[in-house]
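Structure first, commentary second.
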Amino acid sequence: MATAEVSNKKTLKVQRFKPSDNPSNTYLTDEKGVWAWMTTVDHKKIGIMYLVAVAIFFAVGGALALLLRTELMTPAKTFIEADTYNQLFTLHGAIMVFFVLVPSIPAALGNFIMPMQLGAKDVAFPKLNLASFYIYVAGAIFTFIALAQHGLDTGWTFYTPYSTESSSSVIWVTMGVFILGFSSILTGTNFITTIHKMRAPGITWGKLPLNVWALYATSIIQVLATPVLAITVLLLTMERWLGFGIFDPALGGDPVLFQHFFWFYSHPAVYIMIVPGFGIISEVISTFSKKTVFGYWAIALSSLAIAFIGFLVWGHHMFTSGQSAVATTVFSFLTFLVGIPTGIKIFNWIATLYKGSIKMDTPMIYVFIFLFLFSIGGFTGIMLGALSVDIHLHDTYYVVAHFHYVMMGGTLIALLAGLHFWWPKMTGKLYNEKLAKIASVFIFVGFNVTFLPQFVMGAQGMPRRYYNYVDQFTAFHQTSTIGSYLLGVGFLIILYYLMHSLFKGAKSPANPWGSRGLEWQATSPPDFHNFDHTPVVIHGPYDYHQPMEEFQLGLAVDTNGHDSETAKEVVDKEREQWKNYSLG
Amino acid sequence: MILSEDKTMSEHNHHEHHVSSVGQLWAIGIALTLLTILTVGLSHVEIPAPFDVVVALTVAFVKAFLVCAFFMNLYWDTKFNSMLLIGAFAFFILMVAVTLLDTLYRNDVVPSF
Amino acid sequence: MSNHSQAHPAHLQHHFVDSDQQFDAAKMGMWVFIVNEILFFGGLFCAYIVFRAWYPDLFTMAATKLDTTMGAINTVVLIGSSLSVAMAIRAAQLNKTKWIKINLLITITLACVFLVIKYFEYSHKMHDGIFPGATLYTYEGIDHPLAHVFFSIYYVMTGIHAIHIIVGIGLMIWIYIRAKRNEFGSEYYTPVEMVGLYWHLVDVIWIFLFPLLYLIE
């Protein structure tokens, strides 16, 4: 034991590895062909596959949304039947929540970026990673079988007793969600283990990129909450199939208990969706301010705080369900607490901007859009958490608008920020900056035109999920519909220039943004093993006051460098040397 | 010489993996069996309402502790794994407790239809 | 730690630095998976607790239909299988491949015994018309309007547990085949240990199911 340590100390030396701007070998040139992609265990390729799948589902869900908005142009029937309308909004919700928002950032971008930010070759369980992608696909297939049969008209929440009586294909969808849940669980399990066990030498918990902290918090929620969803939809399936009598009031069950079970998952699930978005914002805001992130620990730990408090507030979805007054009051109070860690994050991001040298590239524009939209979403969330206000606003368009402000204005905008930020890393190509800025204007304007009127009409009493409405809401609905078209145009522009970039875009250098993040110290696109050396980290990921070459270190002689104790000694020693170097 | 080197190697690599002795494992197995007999026996004793469940669950927890600590090796393992187990249980309690906050305090247990 | 001077061992996957890292990662991943399982069954226990708190009489009445003797025998059977799987891990740690196989066979046998007893319990109840769910439930021996709810909970809890047993048998057959190929020894026995952890978890869940379902007086 003792001798082993001594020999390690002797052999561990670091040297600089400057990433090449013209890599000859990348993960895209290794293992070519469809079969190689489908059977790959490379986290980068799996991330890309998730990204493609999520994009397809987003296109489907988005098209459904446009159909819904078009139908709502006039107070009575515009062009689709009421039953079809019910199915469309259910599918829009189910697809967007389960197939887009939940896997979007963790499984797509997280899979690609997180191991690189840790300086690891891969996630801890690469085969499991591939399996979770196929489980996701299997869940999708079940949902599409439901579509081909009788569709689904229960809303994405599957509330009993309607879901036990509806003539649509509830069981296929619930089984789809059950399967999908395992994809999410396995990703979470994989990420937690990876973050604990696969960090490169020198990456202590205090040097973990905030994106990784956010994914860590997300994974904890995934692991703790998703199994409850699985058991809930399983019980629902049994209820529908055999008449279990647990949720169906006609058989002696309790529909409110279903809502408890459902929201025990689905409320934390909104944090599964938004917290990884927070991670992206932290990365981008620091990179484009060229400044250390303000309040590193506050941002890192507030993610965990959100993850924890997120488990205590589910009942605020059930204020009007008949749950006891005691529970209602407690839930309302606890709901306000979530605002605290979220507010801490927003303040720290703003403080990061202060005196930074801000560069308004596309990812940064999306960060500002995020800060604006998400703050509105957050504040209206506090409104809805207030018990007396919620009784009035429950099940109105106000809730719809709030949800879209946090989920689309938050998660999706953060996803766009991350996509634009890491696109050069993932593809090795640059995109058209001018078109990207034009698209972001469409997105921002379109989004607000769509959803701001919904706050107003919701507060005036327009219920959600309604096929018809009274004439007084016509102007709001029509404005909202026009806004949704603008949004659609924005996304089409994004699709166009990203595809153009993919096939004809200019080549990206290794680090186009001058980021200090470890993932940017690999080539663009990265090598098959991410780095062809074992990276060694001596600075925090946001130490923009340190010279770039100190972020490009790796083990000169590749030994078992992951032995944390020895590595730490070496890193400390190196840090001393570098200090002298930069002073001189 | 090579043999002895190999031996030190393997000793080093697994210096933290605990190997339970046969006697130890059997002792745990027998203790679990005895506790099972105990809990069945106690179920025939008249214990007033809430305490019968408390007693049965206490025995169950002792059994679960024995399995987790000595069969699953948590006793010798890194503390983090024990933390995971306790954390999972804590969240389960949280789920039950907060749900009971509703179900125990309703005016009308299950709305009649 | 002079691993770099020798070739990587066959079991070491490329993205790990050494066997220790691989073992620790696998073990931690397994524990995180156990967290999942606890919350998964937690949902069922939660439903159980809510309904028992609402209808204590129902549970006292209905539990008399459960066969305590069979439940107790099954408890002991599972404890025995936990013991034998722990022995299998010990055998792997000590390079005794023959004993890995023997202990795995004992475990598989005990798991099958458990399922057979479970089968008798289920078929006996179904013979009386006690089925899961109100649709099929016809038994009239329990004077409570919600008798079917208790048995729904009973069937779903023990049923999902039984599915775990079946999965466990499959896993142990897989481990047995690999042990037969001499893949395990003191240097590498991660899969044996992981399946062992899974099996103990199945045991622990039964340890709670048994008193909560069978021993209600």
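If you're wondering about the labels, chains in the structure tokens are A, B, ... by order shown, residues count from 1 in each chain, ligands from 1 in order shown.
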Practice problem: Would you return as JSON, numbers by chain the members of region 140-207 of chain C that DSSP assigns to helix (DSSP H, G or I) on this structure's backbone? | Solution: {"C": [147, 148, 149, 150, 151, 152, 153, 154, 155, 156, 157, 158, 159, 160, 161, 162, 163, 164, 165, 166, 167, 168, 169, 170, 171, 172, 173, 174, 175, 176, 177, 178, 179, 180, 190, 191, 192, 193, 194, 195, 196, 197, 198, 199, 200, 201, 202, 203, 204, 205, 206, 207]}
Quiz item: Mind listing as JSON, numbers by chain which residues of chain C are within 8 Å of chain A, counting only C-alpha atoms?
Solution: {"C": [1, 2, 3, 4, 15, 16, 17, 18, 21, 24, 25, 26, 28, 29, 32, 33, 35, 36, 37, 39, 40, 41, 42, 43, 44, 47, 132, 133, 134, 135, 136, 146, 148, 149, 152]}
Go ahead and save the picked residues with N, CA and C atoms, as a tab-separated table (two decimals), in the first residue's frame.
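And here is the file that came out, result36.tsv:
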```tsv
chain	number	residue	atom	x	y	z
C	1	MET	N	-0.75	-0.89	-7.15
C	1	MET	CA	-1.34	0.01	-8.12
C	1	MET	C	-0.50	0.13	-9.38
C	2	SER	N	0.40	-0.82	-9.58
C	2	SER	CA	1.27	-0.73	-10.75
C	2	SER	C	0.59	-1.39	-11.94
C	3	ASN	N	-0.70	-1.13	-12.08
C	3	ASN	CA	-1.48	-1.80	-13.12
C	3	ASN	C	-1.00	-1.46	-14.53
C	4	HIS	N	-0.44	-0.27	-14.69
C	4	HIS	CA	-0.11	0.15	-16.05
C	4	HIS	C	1.01	-0.69	-16.65
C	15	HIS	N	-13.66	2.34	-19.95
C	15	HIS	CA	-13.82	3.70	-19.43
C	15	HIS	C	-13.52	3.80	-17.94
C	16	PHE	N	-13.17	2.68	-17.32
C	16	PHE	CA	-12.77	2.74	-15.92
C	16	PHE	C	-11.25	2.74	-15.81
C	17	VAL	N	-10.75	3.36	-14.74
C	17	VAL	CA	-9.31	3.42	-14.54
C	17	VAL	C	-8.79	2.09	-14.01
C	18	ASP	N	-9.49	1.55	-13.02
C	18	ASP	CA	-9.04	0.27	-12.46
C	18	ASP	C	-10.23	-0.51	-11.92
C	21	GLN	N	-12.38	1.07	-9.11
C	21	GLN	CA	-13.34	2.08	-9.55
C	21	GLN	C	-14.57	1.41	-10.16
C	24	ASP	N	-16.63	-0.20	-7.28
C	24	ASP	CA	-17.33	0.80	-6.47
C	24	ASP	C	-18.48	1.44	-7.23
C	25	ALA	N	-18.23	1.73	-8.53
C	25	ALA	CA	-19.29	2.34	-9.34
C	25	ALA	C	-20.48	1.39	-9.46
C	26	ALA	N	-20.18	0.12	-9.73
C	26	ALA	CA	-21.26	-0.85	-9.88
C	26	ALA	C	-22.07	-0.95	-8.59
C	28	MET	N	-22.34	1.24	-6.14
C	28	MET	CA	-23.11	2.44	-5.87
C	28	MET	C	-24.33	2.50	-6.78
C	29	GLY	N	-24.13	2.15	-8.06
C	29	GLY	CA	-25.26	2.13	-8.98
C	29	GLY	C	-26.35	1.20	-8.48
C	32	VAL	N	-28.23	2.83	-5.70
C	32	VAL	CA	-29.18	3.84	-6.21
C	32	VAL	C	-30.40	3.14	-6.79
C	33	PHE	N	-30.16	2.00	-7.43
C	33	PHE	CA	-31.28	1.23	-7.95
C	33	PHE	C	-32.18	0.74	-6.81
C	35	VAL	N	-32.65	2.28	-4.06
C	35	VAL	CA	-33.46	3.45	-3.69
C	35	VAL	C	-34.72	3.49	-4.54
C	36	ASN	N	-34.56	3.27	-5.85
C	36	ASN	CA	-35.70	3.20	-6.75
C	36	ASN	C	-36.71	2.19	-6.29
C	37	GLU	N	-36.21	1.00	-5.97
C	37	GLU	CA	-37.12	-0.08	-5.62
C	37	GLU	C	-37.89	0.25	-4.35
C	39	LEU	N	-38.77	3.17	-3.28
C	39	LEU	CA	-39.84	4.13	-3.58
C	39	LEU	C	-40.93	3.47	-4.41
C	40	PHE	N	-40.55	2.52	-5.25
C	40	PHE	CA	-41.51	1.81	-6.08
C	40	PHE	C	-42.49	1.05	-5.19
C	41	PHE	N	-41.96	0.23	-4.29
C	41	PHE	CA	-42.82	-0.47	-3.34
C	41	PHE	C	-43.43	0.52	-2.37
C	42	GLY	N	-42.73	1.63	-2.13
C	42	GLY	CA	-43.24	2.66	-1.22
C	42	GLY	C	-44.63	3.12	-1.62
C	43	GLY	N	-44.87	3.27	-2.92
C	43	GLY	CA	-46.19	3.68	-3.38
C	43	GLY	C	-47.25	2.69	-2.91
C	44	LEU	N	-46.94	1.40	-3.02
C	44	LEU	CA	-47.90	0.38	-2.60
C	44	LEU	C	-48.11	0.41	-1.09
C	47	ALA	N	-50.40	3.23	-0.22
C	47	ALA	CA	-51.81	2.90	-0.44
C	47	ALA	C	-52.31	2.01	0.69
C	132	PRO	N	-58.18	-10.59	-7.62
C	132	PRO	CA	-57.84	-9.15	-7.52
C	132	PRO	C	-58.87	-8.35	-8.30
C	133	GLY	N	-59.37	-7.29	-7.69
C	133	GLY	CA	-60.27	-6.39	-8.40
C	133	GLY	C	-61.73	-6.78	-8.26
C	134	ALA	N	-62.59	-5.76	-8.25
C	134	ALA	CA	-64.02	-5.98	-8.02
C	134	ALA	C	-64.68	-6.73	-9.17
C	135	THR	N	-64.11	-6.65	-10.37
C	135	THR	CA	-64.73	-7.28	-11.52
C	135	THR	C	-64.85	-8.79	-11.33
C	136	LEU	N	-63.81	-9.41	-10.81
C	136	LEU	CA	-63.78	-10.87	-10.71
C	136	LEU	C	-64.10	-11.37	-9.32
C	146	LEU	N	-66.01	-3.35	1.23
C	146	LEU	CA	-64.78	-3.07	0.50
C	146	LEU	C	-63.79	-4.23	0.57
C	148	HIS	N	-62.99	-6.43	-1.43
C	148	HIS	CA	-62.16	-6.58	-2.63
C	148	HIS	C	-60.96	-5.64	-2.60
C	149	VAL	N	-61.09	-4.50	-1.92
C	149	VAL	CA	-59.97	-3.54	-1.90
C	149	VAL	C	-58.77	-4.15	-1.18
C	152	SER	N	-57.20	-6.59	-3.46
C	152	SER	CA	-56.48	-5.90	-4.54
C	152	SER	C	-55.08	-5.53	-4.05
```
Practice problem: Identify, on the basis of only C-alpha atoms, every residue whose closest approach to region 279-296 of chain A does not exceed 7 Å; exclude the query and any residue fewer than 6 positions from it along the same chain; express the result as a list in words. | Solution: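 So the residues in contact are Leu210, Asn211, Ala214, Asn348, Trp349, Ala351, Thr352, Leu353, Gly356, Ser357, Ile358, Lys359, Pro363, Met364, Val367, Ala414, Gly418, Ser515, Tyr542, Asp543 and Tyr544 of chain A.
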Self-check item: 8 Å contacts from chain B to chain C using only C-alpha atoms, as a VMD selection string
Solution: chain B and resid 9 to 10 13 to 14 19 to 22 25 to 26 29 32 to 33 36 to 37 39 to 40 43 to 44 53 56 to 57 60 to 61 63 to 64 67 to 68 71 to 72 81 84 to 85 88 to 89 91 to 92 95 to 96 99 to 100 103 to 104 109
Within 7 Å of chain B, which residues of chain A come that close, and what is the closest atom pair and distance in Å for each? Count only C-alpha atoms and give it as a Markdown table.
```
| residue | atom | partner | partner_atom | distance |
| --- | --- | --- | --- | --- |
| A:Met1 | CA | B:His12 | CA | 6.5 |
| A:Pro249 | CA | B:Phe113 | CA | 6.8 |
| A:Ala250 | CA | B:Phe113 | CA | 6.4 |
| A:Asp254 | CA | B:Val110 | CA | 6.0 |
| A:His260 | CA | B:Thr99 | CA | 6.8 |
| A:Gln323 | CA | B:Asp102 | CA | 5.6 |
| A:Ser324 | CA | B:Arg106 | CA | 4.6 |
| A:Val326 | CA | B:Leu101 | CA | 6.9 |
| A:Ala327 | CA | B:Asp102 | CA | 5.1 |
```
Practice problem: Rank A:Leu312, A:Ile494, A:Ile369, A:Leu502 by their smallest atom-to-atom distance to Pro268 (chain A), using only C-alpha atoms, and report the top residue only. | Solution: A:Leu312
Practice problem: With a distance cut-off of 9 Å and only C-alpha atoms, select the neighbouring residues of Val195 (chain C), excluding the residue or stretch itself and same-chain residues fewer than 6 positions from it, and output the selection as a list in words. | Solution: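 Here the qualifying residues turn out to be Val85, Gly168, Leu171, Met172 and Ile175 of chain C.
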Expected file: the selected residues, C-alpha atoms, as a short mmCIF file (atom, residue, chain, number, x, y, z; two decimals), in the first residue's frame:
```cif
data_model
loop_
_atom_site.label_atom_id
_atom_site.label_comp_id
_atom_site.auth_asym_id
_atom_site.auth_seq_id
_atom_site.Cartn_x
_atom_site.Cartn_y
_atom_site.Cartn_z
CA VAL C 85 -26.67 -16.09 -1.78
CA GLY C 168 -34.13 -12.82 -9.48
CA LEU C 171 -30.51 -13.29 -12.87
CA MET C 172 -29.18 -16.16 -10.80
CA ILE C 175 -24.78 -15.76 -12.86
#
```
Practice problem: Could you jot down the CA of Gly377 (chain A) to CA of Pro255 (chain A) separation for me, Å, one decimal place? | Solution: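 A separation of 29.0 Å between them.
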Quiz item: Smallest atom-to-atom distance to Asp532 (chain A): which of A:Met38, A:Ala386, A:Leu109, A:Met116, using only C-alpha atoms?
Solution: A:Met116
